[in-house]
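Shown next: final22.pdb, given as PDB, C-alpha atoms.
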ATOM      1  CA  MET A   1       0.188  -3.947   3.057
ATOM      2  CA  LYS A   2       3.684  -4.432   1.743
ATOM      3  CA  LEU A   3       5.619  -3.412  -1.329
ATOM      4  CA  GLY A   4       7.949  -6.057  -2.741
ATOM      5  CA  ASP A   5      11.707  -5.804  -2.088
ATOM      6  CA  GLY A   6      12.057  -5.159  -5.796
ATOM      7  CA  VAL A   7      10.900  -1.558  -5.408
ATOM      8  CA  GLU A   8      13.929  -0.568  -3.341
ATOM      9  CA  GLN A   9      16.279  -2.448  -5.680
ATOM     10  CA  ALA A  10      14.681  -0.919  -8.761
ATOM     11  CA  ILE A  11      14.903   2.668  -7.515
ATOM     12  CA  HIS A  12      18.557   2.301  -6.548
ATOM     13  CA  CYS A  13      19.349   0.730  -9.940
ATOM     14  CA  MET A  14      17.650   3.637 -11.711
ATOM     15  CA  LEU A  15      19.783   6.035  -9.654
ATOM     16  CA  MET A  16      22.950   4.230 -10.688
ATOM     17  CA  LEU A  17      21.912   4.176 -14.350
ATOM     18  CA  SER A  18      21.006   7.872 -14.266
ATOM     19  CA  GLY A  19      24.736   8.613 -13.930
ATOM     20  CA  LEU A  20      25.860   6.723 -17.058
ATOM     21  CA  SER A  21      27.329   8.724 -19.890
ATOM     22  CA  ALA A  22      25.234   9.056 -23.062
ATOM     23  CA  ASP A  23      24.571   5.812 -24.980
ATOM     24  CA  SER A  24      26.342   3.702 -22.376
ATOM     25  CA  ALA A  25      24.767   0.743 -20.613
ATOM     26  CA  MET A  26      25.488  -1.347 -17.533
ATOM     27  CA  PRO A  27      24.990  -5.115 -17.392
ATOM     28  CA  ALA A  28      22.526  -6.572 -14.900
ATOM     29  CA  THR A  29      25.340  -8.521 -13.218
ATOM     30  CA  ALA A  30      27.146  -5.267 -12.346
ATOM     31  CA  LEU A  31      23.941  -3.725 -10.984
ATOM     32  CA  ALA A  32      23.436  -6.833  -8.833
ATOM     33  CA  GLU A  33      27.038  -6.731  -7.602
ATOM     34  CA  TYR A  34      26.851  -3.040  -6.687
ATOM     35  CA  HIS A  35      23.692  -3.552  -4.660
ATOM     36  CA  GLY A  36      24.671  -6.909  -3.192
ATOM     37  CA  VAL A  37      21.521  -8.662  -4.460
ATOM     38  CA  SER A  38      20.776 -11.858  -6.374
ATOM     39  CA  PRO A  39      21.343 -11.317 -10.134
ATOM     40  CA  SER A  40      18.488 -13.624 -11.184
ATOM     41  CA  TYR A  41      16.039 -11.943  -8.827
ATOM     42  CA  LEU A  42      17.148  -8.469  -9.898
ATOM     43  CA  LEU A  43      16.860  -9.415 -13.577
ATOM     44  CA  LYS A  44      13.151 -10.068 -13.130
ATOM     45  CA  HIS A  45      12.682  -6.523 -11.843
ATOM     46  CA  LEU A  46      14.871  -4.985 -14.540
ATOM     47  CA  GLN A  47      12.767  -6.756 -17.162
ATOM     48  CA  ALA A  48       9.583  -5.365 -15.609
ATOM     49  CA  LEU A  49      11.086  -1.862 -15.731
ATOM     50  CA  ALA A  50      12.089  -2.395 -19.366
ATOM     51  CA  GLY A  51       8.599  -3.682 -20.160
ATOM     52  CA  ALA A  52       7.193  -0.407 -18.839
ATOM     53  CA  GLY A  53       9.655   1.620 -20.942
ATOM     54  CA  LEU A  54      11.552   2.914 -17.898
ATOM     55  CA  LEU A  55      14.691   1.044 -18.943
ATOM     56  CA  ALA A  56      16.058   0.299 -22.386
ATOM     57  CA  SER A  57      17.771  -3.013 -22.894
ATOM     58  CA  VAL A  58      20.900  -2.884 -25.082
ATOM     59  CA  PRO A  59      21.711  -6.305 -26.594
ATOM     60  CA  GLY A  60      25.118  -7.714 -27.392
ATOM     61  CA  PRO A  61      28.510  -7.971 -25.671
ATOM     62  CA  ARG A  62      28.565  -4.216 -24.974
ATOM     63  CA  GLY A  63      24.971  -4.366 -23.837
ATOM     64  CA  GLY A  64      23.114  -4.002 -20.594
ATOM     65  CA  TYR A  65      20.535  -1.527 -19.336
ATOM     66  CA  ARG A  66      20.200   2.220 -19.485
ATOM     67  CA  LEU A  67      17.326   4.545 -18.655
ATOM     68  CA  GLY A  68      14.460   4.374 -21.129
ATOM     69  CA  ARG A  69      13.891   8.123 -20.914
ATOM     70  CA  ALA A  70      15.298  11.170 -19.115
ATOM     71  CA  ALA A  71      15.647  10.751 -15.333
ATOM     72  CA  GLU A  72      13.550  13.931 -14.933
ATOM     73  CA  LYS A  73      10.660  12.091 -16.585
ATOM     74  CA  ILE A  74      10.738   8.966 -14.410
ATOM     75  CA  SER A  75       8.842   9.288 -11.137
ATOM     76  CA  LEU A  76       8.782   7.002  -8.115
ATOM     77  CA  LEU A  77       5.176   6.249  -9.080
ATOM     78  CA  ASP A  78       6.322   5.012 -12.504
ATOM     79  CA  VAL A  79       8.707   2.574 -10.795
ATOM     80  CA  VAL A  80       6.149   1.350  -8.239
ATOM     81  CA  VAL A  81       3.474   0.805 -10.905
ATOM     82  CA  ALA A  82       5.941  -0.998 -13.217
ATOM     83  CA  LEU A  83       6.802  -3.471 -10.466
ATOM     84  CA  GLU A  84       3.598  -3.769  -8.472
ATOM     85  CA  GLY A  85       0.953  -3.181 -11.130
ATOM     86  CA  ALA A  86      -1.497  -0.336 -11.531
ATOM     87  CA  ALA A  87      -4.359  -1.868  -9.534
ATOM     88  CA  PRO A  88      -5.192  -0.047  -6.299
ATOM     89  CA  ALA A  89      -4.179  -1.692  -3.005
ATOM     90  CA  PHE A  90      -7.823  -1.688  -1.919
ATOM     91  CA  ARG A  91      -9.873  -3.912  -4.196
ATOM     92  CA  CYS A  92     -13.611  -3.635  -3.718
ATOM     93  CA  SER A  93     -15.382  -6.991  -4.049
ATOM     94  CA  GLU A  94     -18.810  -5.336  -3.772
ATOM     95  CA  ILE A  95     -19.422  -7.052  -0.471
ATOM     96  CA  ARG A  96     -22.510  -4.827  -0.094
ATOM     97  CA  GLN A  97     -24.189  -6.824  -2.854
ATOM     98  CA  ARG A  98     -23.837 -10.162  -1.057
ATOM     99  CA  GLY A  99     -25.842 -11.750   1.712
ATOM    100  CA  PRO A 100     -29.602 -11.936   2.242
ATOM    101  CA  ASP A 101     -32.143  -9.402   0.902
ATOM    102  CA  PRO A 102     -29.773  -7.568  -1.434
ATOM    103  CA  LEU A 103     -30.640  -4.041  -2.483
ATOM    104  CA  ALA A 104     -31.988  -3.329  -5.952
ATOM    105  CA  ALA A 105     -29.326  -3.359  -8.689
ATOM    106  CA  LYS A 106     -29.980   0.296  -9.518
ATOM    107  CA  PHE A 107     -28.198   1.296  -6.295
ATOM    108  CA  PHE A 108     -24.881  -0.177  -7.347
ATOM    109  CA  ALA A 109     -24.077   2.071 -10.264
ATOM    110  CA  LYS A 110     -21.786   4.173  -8.047
ATOM    111  CA  PRO A 111     -18.969   2.844  -5.829
ATOM    112  CA  CYS A 112     -19.880   2.780  -2.155
ATOM    113  CA  GLY A 113     -18.523   5.293   0.362
ATOM    114  CA  VAL A 114     -15.956   2.822   1.707
ATOM    115  CA  THR A 115     -14.359   2.315  -1.709
ATOM    116  CA  ALA A 116     -14.462   6.035  -2.452
ATOM    117  CA  ALA A 117     -12.644   6.852   0.818
ATOM    118  CA  MET A 118     -10.020   4.121   0.354
ATOM    119  CA  LEU A 119      -9.298   5.189  -3.222
ATOM    120  CA  LYS A 120      -9.065   8.849  -2.229
ATOM    121  CA  ALA A 121      -6.259   7.920   0.195
ATOM    122  CA  GLU A 122      -4.503   5.964  -2.548
ATOM    123  CA  ARG A 123      -4.703   8.988  -4.841
ATOM    124  CA  ALA A 124      -2.935  11.052  -2.157
ATOM    125  CA  TYR A 125      -0.208   8.379  -1.973
ATOM    126  CA  ARG A 126       0.248   8.276  -5.718
ATOM    127  CA  ASP A 127       0.243  12.061  -6.007
ATOM    128  CA  GLU A 128       3.217  12.202  -3.628
ATOM    129  CA  LEU A 129       5.130   9.498  -5.504
ATOM    130  CA  ARG A 130       4.402  11.240  -8.809
ATOM    131  CA  LYS A 131       6.104  14.422  -7.560
ATOM    132  CA  VAL A 132       9.514  12.798  -7.005
ATOM    133  CA  SER A 133      11.708  12.011 -10.008
ATOM    134  CA  ILE A 134      14.791   9.825 -10.263
ATOM    135  CA  ALA A 135      16.703  12.966 -11.298
ATOM    136  CA  GLU A 136      15.699  14.675  -8.072
ATOM    137  CA  LEU A 137      16.774  11.752  -5.893
ATOM    138  CA  ALA A 138      20.078  11.498  -7.746
ATOM    139  CA  GLY A 139      20.759  15.199  -7.211
ATOM    140  CA  ASN A 140      23.949  15.855  -5.307
ATOM    141  CA  PRO A 141      23.630  18.920  -3.139
ATOM    142  CA  GLY A 142      27.383  19.052  -2.524
ATOM    143  CA  THR A 143      27.103  17.641   0.978
ATOM    144  CA  GLU A 144      29.758  15.357   2.394
ATOM    145  CA  LEU A 145      27.354  12.411   1.994
ATOM    146  CA  GLY A 146      26.465  13.435  -1.571
ATOM    147  CA  ASN A 147      30.144  13.589  -2.478
ATOM    148  CA  ALA A 148      30.829  10.202  -0.899
ATOM    149  CA  ILE A 149      27.948   8.550  -2.802
ATOM    150  CA  GLU A 150      29.044  10.189  -6.017
ATOM    151  CA  GLY A 151      32.628   9.057  -5.508
ATOM    152  CA  ARG A 152      31.630   5.465  -4.867
ATOM    153  CA  SER A 153      29.170   5.169  -7.736
ATOM    154  CA  CYS A 154      31.444   7.035 -10.177
ATOM    155  CA  ALA A 155      34.320   4.663  -9.527
ATOM    156  CA  PHE A 156      32.005   1.679 -10.006
ATOM    157  CA  ARG A 157      30.571   3.112 -13.232
ATOM    158  CA  GLU A 158      34.074   3.688 -14.576
ATOM    159  CA  ARG A 159      34.776  -0.017 -14.238
ATOM    160  CA  HIS A 160      31.430  -1.412 -15.405
ATOM    161  CA  GLU A 161      29.941   1.036 -17.881
ATOM    162  CA  ARG A 162      29.858  -0.366 -21.416
ATOM    163  CA  ARG A 163      30.282   2.264 -24.081
ATOM    164  CA  PRO A 164      29.232   1.740 -27.691
ATOM    165  CA  ALA A 165      32.058   0.592 -29.979
ATOM    166  CA  ALA A 166      33.882   3.416 -31.757
ATOM    167  CA  ARG A 167      32.918   3.600 -35.411
TER
ATOM    168  CA  MET B   1       0.833  -3.656  -3.316
ATOM    169  CA  LYS B   2      -2.393  -5.125  -2.080
ATOM    170  CA  LEU B   3      -4.512  -4.886   1.043
ATOM    171  CA  GLY B   4      -6.037  -8.143   2.241
ATOM    172  CA  ASP B   5      -9.724  -8.871   1.579
ATOM    173  CA  GLY B   6     -10.182  -8.588   5.323
ATOM    174  CA  VAL B   7     -10.035  -4.792   5.186
ATOM    175  CA  GLU B   8     -13.238  -4.507   3.150
ATOM    176  CA  GLN B   9     -14.971  -7.087   5.340
ATOM    177  CA  ALA B  10     -13.818  -5.418   8.540
ATOM    178  CA  ILE B  11     -14.996  -1.949   7.537
ATOM    179  CA  HIS B  12     -18.439  -3.213   6.521
ATOM    180  CA  CYS B  13     -18.742  -5.164   9.783
ATOM    181  CA  MET B  14     -17.866  -2.041  11.758
ATOM    182  CA  LEU B  15     -20.572  -0.157   9.851
ATOM    183  CA  MET B  16     -23.140  -2.825  10.731
ATOM    184  CA  LEU B  17     -22.103  -2.836  14.396
ATOM    185  CA  SER B  18     -22.220   0.964  14.581
ATOM    186  CA  GLY B  19     -26.009   0.698  14.267
ATOM    187  CA  LEU B  20     -26.541  -1.628  17.239
ATOM    188  CA  SER B  21     -28.467  -0.299  20.198
ATOM    189  CA  ALA B  22     -26.506   0.364  23.400
ATOM    190  CA  ASP B  23     -24.968  -2.697  25.089
ATOM    191  CA  SER B  24     -26.155  -5.024  22.331
ATOM    192  CA  ALA B  25     -23.866  -7.326  20.385
ATOM    193  CA  MET B  26     -24.027  -9.335  17.168
ATOM    194  CA  PRO B  27     -22.536 -12.807  16.757
ATOM    195  CA  ALA B  28     -19.805 -13.372  14.192
ATOM    196  CA  THR B  29     -22.015 -15.874  12.337
ATOM    197  CA  ALA B  30     -24.630 -13.181  11.695
ATOM    198  CA  LEU B  31     -21.974 -10.742  10.477
ATOM    199  CA  ALA B  32     -20.675 -13.435   8.120
ATOM    200  CA  GLU B  33     -24.195 -14.218   6.850
ATOM    201  CA  TYR B  34     -24.998 -10.563   6.204
ATOM    202  CA  HIS B  35     -21.831 -10.075   4.166
ATOM    203  CA  GLY B  36     -21.893 -13.463   2.461
ATOM    204  CA  VAL B  37     -18.390 -14.398   3.620
ATOM    205  CA  SER B  38     -16.781 -17.402   5.330
ATOM    206  CA  PRO B  39     -17.435 -17.295   9.121
ATOM    207  CA  SER B  40     -14.057 -18.804  10.037
ATOM    208  CA  TYR B  41     -12.189 -16.370   7.809
ATOM    209  CA  LEU B  42     -14.176 -13.417   9.120
ATOM    210  CA  LEU B  43     -13.600 -14.493  12.724
ATOM    211  CA  LYS B  44      -9.857 -14.101  12.272
ATOM    212  CA  HIS B  45     -10.379 -10.490  11.233
ATOM    213  CA  LEU B  46     -12.854  -9.778  14.033
ATOM    214  CA  GLN B  47     -10.328 -11.098  16.527
ATOM    215  CA  ALA B  48      -7.645  -8.798  15.112
ATOM    216  CA  LEU B  49     -10.041  -5.849  15.460
ATOM    217  CA  ALA B  50     -10.838  -6.871  19.038
ATOM    218  CA  GLY B  51      -7.115  -7.237  19.785
ATOM    219  CA  ALA B  52      -6.649  -3.627  18.711
ATOM    220  CA  GLY B  53      -9.534  -2.477  20.923
ATOM    221  CA  LEU B  54     -11.743  -1.525  17.946
ATOM    222  CA  LEU B  55     -14.255  -4.245  18.830
ATOM    223  CA  ALA B  56     -15.350  -5.557  22.198
ATOM    224  CA  SER B  57     -16.102  -9.243  22.475
ATOM    225  CA  VAL B  58     -19.134 -10.091  24.623
ATOM    226  CA  PRO B  59     -18.970 -13.692  25.899
ATOM    227  CA  GLY B  60     -21.894 -16.023  26.577
ATOM    228  CA  PRO B  61     -25.105 -17.067  24.792
ATOM    229  CA  ARG B  62     -26.151 -13.434  24.357
ATOM    230  CA  GLY B  63     -22.664 -12.563  23.246
ATOM    231  CA  GLY B  64     -21.005 -11.471  20.060
ATOM    232  CA  TYR B  65     -19.204  -8.310  19.004
ATOM    233  CA  ARG B  66     -19.875  -4.630  19.403
ATOM    234  CA  LEU B  67     -17.727  -1.568  18.755
ATOM    235  CA  GLY B  68     -14.905  -1.133  21.257
ATOM    236  CA  ARG B  69     -15.373   2.656  21.296
ATOM    237  CA  ALA B  70     -17.565   5.330  19.707
ATOM    238  CA  ALA B  71     -17.818   5.078  15.909
ATOM    239  CA  GLU B  72     -16.650   8.709  15.734
ATOM    240  CA  LYS B  73     -13.354   7.618  17.276
ATOM    241  CA  ILE B  74     -12.614   4.753  14.902
ATOM    242  CA  SER B  75     -10.907   5.795  11.686
ATOM    243  CA  LEU B  76     -10.266   3.823   8.516
ATOM    244  CA  LEU B  77      -6.566   3.994   9.443
ATOM    245  CA  ASP B  78      -7.316   2.268  12.759
ATOM    246  CA  VAL B  79      -8.971  -0.602  10.867
ATOM    247  CA  VAL B  80      -6.212  -0.917   8.253
ATOM    248  CA  VAL B  81      -3.465  -0.917  10.907
ATOM    249  CA  ALA B  82      -5.336  -3.462  13.067
ATOM    250  CA  LEU B  83      -5.520  -5.876  10.132
ATOM    251  CA  GLU B  84      -2.382  -5.178   8.153
ATOM    252  CA  GLY B  85       0.021  -4.079  10.872
ATOM    253  CA  ALA B  86       1.647  -0.718  11.503
ATOM    254  CA  ALA B  87       4.794  -1.289   9.428
ATOM    255  CA  PRO B  88       5.060   0.906   6.340
ATOM    256  CA  ALA B  89       4.504  -0.706   2.921
ATOM    257  CA  PHE B  90       8.003   0.342   1.876
ATOM    258  CA  ARG B  91      10.598  -1.408   4.002
ATOM    259  CA  CYS B  92      14.124  -0.106   3.578
ATOM    260  CA  SER B  93      16.722  -2.871   3.693
ATOM    261  CA  GLU B  94      19.600  -0.356   3.578
ATOM    262  CA  ILE B  95      20.605  -1.612   0.170
ATOM    263  CA  ARG B  96      22.976   1.372  -0.024
ATOM    264  CA  GLN B  97      25.165  -0.293   2.611
ATOM    265  CA  ARG B  98      25.696  -3.468   0.577
ATOM    266  CA  GLY B  99      28.028  -4.253  -2.296
ATOM    267  CA  PRO B 100      31.706  -3.406  -2.802
ATOM    268  CA  ASP B 101      33.482  -0.388  -1.270
ATOM    269  CA  PRO B 102      30.741   0.573   1.169
ATOM    270  CA  LEU B 103      30.633   4.139   2.455
ATOM    271  CA  ALA B 104      31.780   4.945   5.982
ATOM    272  CA  ALA B 105      29.259   4.009   8.691
ATOM    273  CA  LYS B 106      28.913   7.651   9.784
ATOM    274  CA  PHE B 107      26.897   8.355   6.608
ATOM    275  CA  PHE B 108      24.093   5.969   7.542
ATOM    276  CA  ALA B 109      22.732   7.737  10.596
ATOM    277  CA  LYS B 110      19.954   9.293   8.509
ATOM    278  CA  PRO B 111      17.567   7.403   6.196
ATOM    279  CA  CYS B 112      18.411   7.847   2.528
ATOM    280  CA  GLY B 113      16.415  10.068   0.187
ATOM    281  CA  VAL B 114      14.589   7.102  -1.346
ATOM    282  CA  THR B 115      13.225   5.957   2.005
ATOM    283  CA  ALA B 116      12.321   9.504   3.006
ATOM    284  CA  ALA B 117      10.320  10.024  -0.210
ATOM    285  CA  MET B 118       8.534   6.671   0.030
ATOM    286  CA  LEU B 119       7.587   7.264   3.677
ATOM    287  CA  LYS B 120       6.364  10.777   2.917
ATOM    288  CA  ALA B 121       3.886   9.302   0.426
ATOM    289  CA  GLU B 122       2.744   6.768   3.012
ATOM    290  CA  ARG B 123       2.145   9.559   5.503
ATOM    291  CA  ALA B 124      -0.128  11.259   2.953
ATOM    292  CA  TYR B 125      -2.047   7.966   2.544
ATOM    293  CA  ARG B 126      -2.408   7.490   6.284
ATOM    294  CA  ASP B 127      -3.425  11.103   6.835
ATOM    295  CA  GLU B 128      -6.347  10.609   4.433
ATOM    296  CA  LEU B 129      -7.442   7.371   6.112
ATOM    297  CA  ARG B 130      -7.181   9.007   9.525
ATOM    298  CA  LYS B 131      -9.675  11.687   8.473
ATOM    299  CA  VAL B 132     -12.529   9.255   7.789
ATOM    300  CA  SER B 133     -14.403   7.716  10.711
ATOM    301  CA  ILE B 134     -16.783   4.772  10.785
ATOM    302  CA  ALA B 135     -19.458   7.202  12.017
ATOM    303  CA  GLU B 136     -18.972   9.337   8.922
ATOM    304  CA  LEU B 137     -19.249   6.387   6.540
ATOM    305  CA  ALA B 138     -22.345   5.137   8.338
ATOM    306  CA  GLY B 139     -23.999   8.547   8.028
ATOM    307  CA  ASN B 140     -27.268   8.429   6.146
ATOM    308  CA  PRO B 141     -27.776  11.603   4.176
ATOM    309  CA  GLY B 142     -31.453  10.805   3.564
ATOM    310  CA  THR B 143     -30.823   9.766  -0.008
ATOM    311  CA  GLU B 144     -32.777   6.954  -1.631
ATOM    312  CA  LEU B 145     -29.662   4.746  -1.392
ATOM    313  CA  GLY B 146     -29.070   5.716   2.248
ATOM    314  CA  ASN B 147     -32.631   4.817   3.110
ATOM    315  CA  ALA B 148     -32.407   1.492   1.289
ATOM    316  CA  ILE B 149     -29.178   0.541   3.098
ATOM    317  CA  GLU B 150     -30.632   1.614   6.405
ATOM    318  CA  GLY B 151     -33.816  -0.402   5.819
ATOM    319  CA  ARG B 152     -31.901  -3.542   4.914
ATOM    320  CA  SER B 153     -29.410  -3.365   7.789
ATOM    321  CA  CYS B 154     -32.066  -2.359  10.340
ATOM    322  CA  ALA B 155     -34.214  -5.366   9.503
ATOM    323  CA  PHE B 156     -31.197  -7.642   9.805
ATOM    324  CA  ARG B 157     -30.144  -6.112  13.134
ATOM    325  CA  GLU B 158     -33.662  -6.580  14.489
ATOM    326  CA  ARG B 159     -33.365 -10.307  13.889
ATOM    327  CA  HIS B 160     -29.764 -10.828  14.983
ATOM    328  CA  GLU B 161     -28.947  -8.261  17.634
ATOM    329  CA  ARG B 162     -28.467  -9.813  21.082
ATOM    330  CA  ARG B 163     -29.538  -7.587  23.905
ATOM    331  CA  PRO B 164     -28.359  -8.040  27.485
ATOM    332  CA  ALA B 165     -30.783 -10.042  29.669
ATOM    333  CA  ALA B 166     -33.273  -7.885  31.617
ATOM    334  CA  ARG B 167     -32.332  -7.669  35.280
TER
END

As structure tokens, what does this structure read like?
Amino acid sequence: MKLGDGVEQAIHCMLMLSGLSADSAMPATALAEYHGVSPSYLLKHLQALAGAGLLASVPGPRGGYRLGRAAEKISLLDVVVALEGAAPAFRCSEIRQRGPDPLAAKFFAKPCGVTAAMLKAERAYRDELRKVSIAELAGNPGTELGNAIEGRSCAFRERHERRPAAR
Amino acid sequence: MKLGDGVEQAIHCMLMLSGLSADSAMPATALAEYHGVSPSYLLKHLQALAGAGLLASVPGPRGGYRLGRAAEKISLLDVVVALEGAAPAFRCSEIRQRGPDPLAAKFFAKPCGVTAAMLKAERAYRDELRKVSIAELAGNPGTELGNAIEGRSCAFRERHERRPAAR
């Protein structure tokens, strides 16, 4: 079982975007540069996040991406589902219905015990991911590390944030 | 995120083998027939289970597979890890260390908050899988379905179980 590399990239991009000032956006090329990843590969993930409403895409020369809703309302589960799909990792093929002398159809109304146990574990996984928001992960507790991260990302944002044109 | 088809096949094979009488074995071809799956594909999974000690391989014309230890001591987590490997689904590539103006190396001794949160969710998943044993899933609560399953698998075992030669 393996999550795609895109999950790590996506979460770190969301963290960077959570620090933008209101109405600003950051182009995909800057996000790729900051994280040292391939822009074309990252773009695919950013588009998936936008498709799920987690990012908003701002068109035009001052455009780029920003969060699609408040960082408090975006969980790690939202990001994982946007990139990996909502289907459970365990996919029951009803193997119990194959082979010789199958049981009567009436017995297959309910999922079998194997599926039930596997899906229960996946619910526990998803419940944990649902508890953690982008806002929480971005939180800076004033530690030396927190300050260093904030300093680095702030300086980068200063250079690459695109603000809306003054009216 | 997706588990291989082998996980479902492996768990159902373990359930079948948990009903064998002592010292008996069942050939891989019979296990494949019962579950309506490709014998060569199934064999790969049975070998992985045997490699992890969850199955014992009995050589010779009366050979086949049997459980490698008591069904009470084989959990769903054991089966998933034997087939899918022990590595977590989320694999941190330390993306935070890439890009321009990296932070000082001293900050990277600890995993970042993203990794910690993702691994916490995986622990919850594994804890659930660890709780469920093959013995528990094989348990027949005397329901109509339980009796039907037991009748079908018993009849099949009768025909395909290979007992050790009388001495």

Counting only C-alpha atoms, which of A:Arg163, A:His12, A:Arg91, A:Lys2 gets nearest to B:Val114?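 Once distances to B:Val114 are computed over only C-alpha atoms, the minimum belongs to A:His12.
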
Running the PyMOL selection byres ((chain A) within 8 of (chain B)) on this model by hand, what would come out? Give it as a VMD selection string. chain A and resid 1 to 5 8 to 9 11 to 12 33 to 36 84 to 85 88 to 93 95 to 96 98 to 103 107 113 to 114 117 to 118 120 to 129 132 137 145 148 to 149 152

Kindly indicate which residue among B:Gly6, B:Pro59, B:Gly19, B:Gly64 lies nearest to B:Lys44, using only C-alpha atoms for the distances.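 Comparing B:Gly6, B:Pro59, B:Gly19, B:Gly64 against B:Lys44, the winner is B:Gly6.
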
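The result of the PyMOL selection byres ((chain B and resi 52) around 10) on the shown file is Leu46, Gln47, Ala48, Leu49, Ala50, Gly51, Gly53, Leu54, Leu55, Ala56, Gly68, Asp78, Val79, Val81, Ala82 and Leu83 of chain B.
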
Separation of atom CA of B:Ser38 and atom CA of B:Ser57, in Å?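 Calculated distance between atom CA of B:Ser38 and atom CA of B:Ser57 is 19.0 Å.
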
Check which residues satisfy the PyMOL selection byres ((chain A and resi 23) around 10) in the file shown, then give them as a PyMOL selection string. chain A and resi 20-22+24-25+58+66-67+162-164

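Counting only C-alpha atoms and comparing B:Cys154, B:Ala165, B:Ala135, B:Ala116, the residue that lies closest to B:Gly63 is B:Ala165.
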
What does the structure give for the distance between atom CA of A:Gly60 and atom CA of A:Met26, in Å to one decimal? 11.7 Å
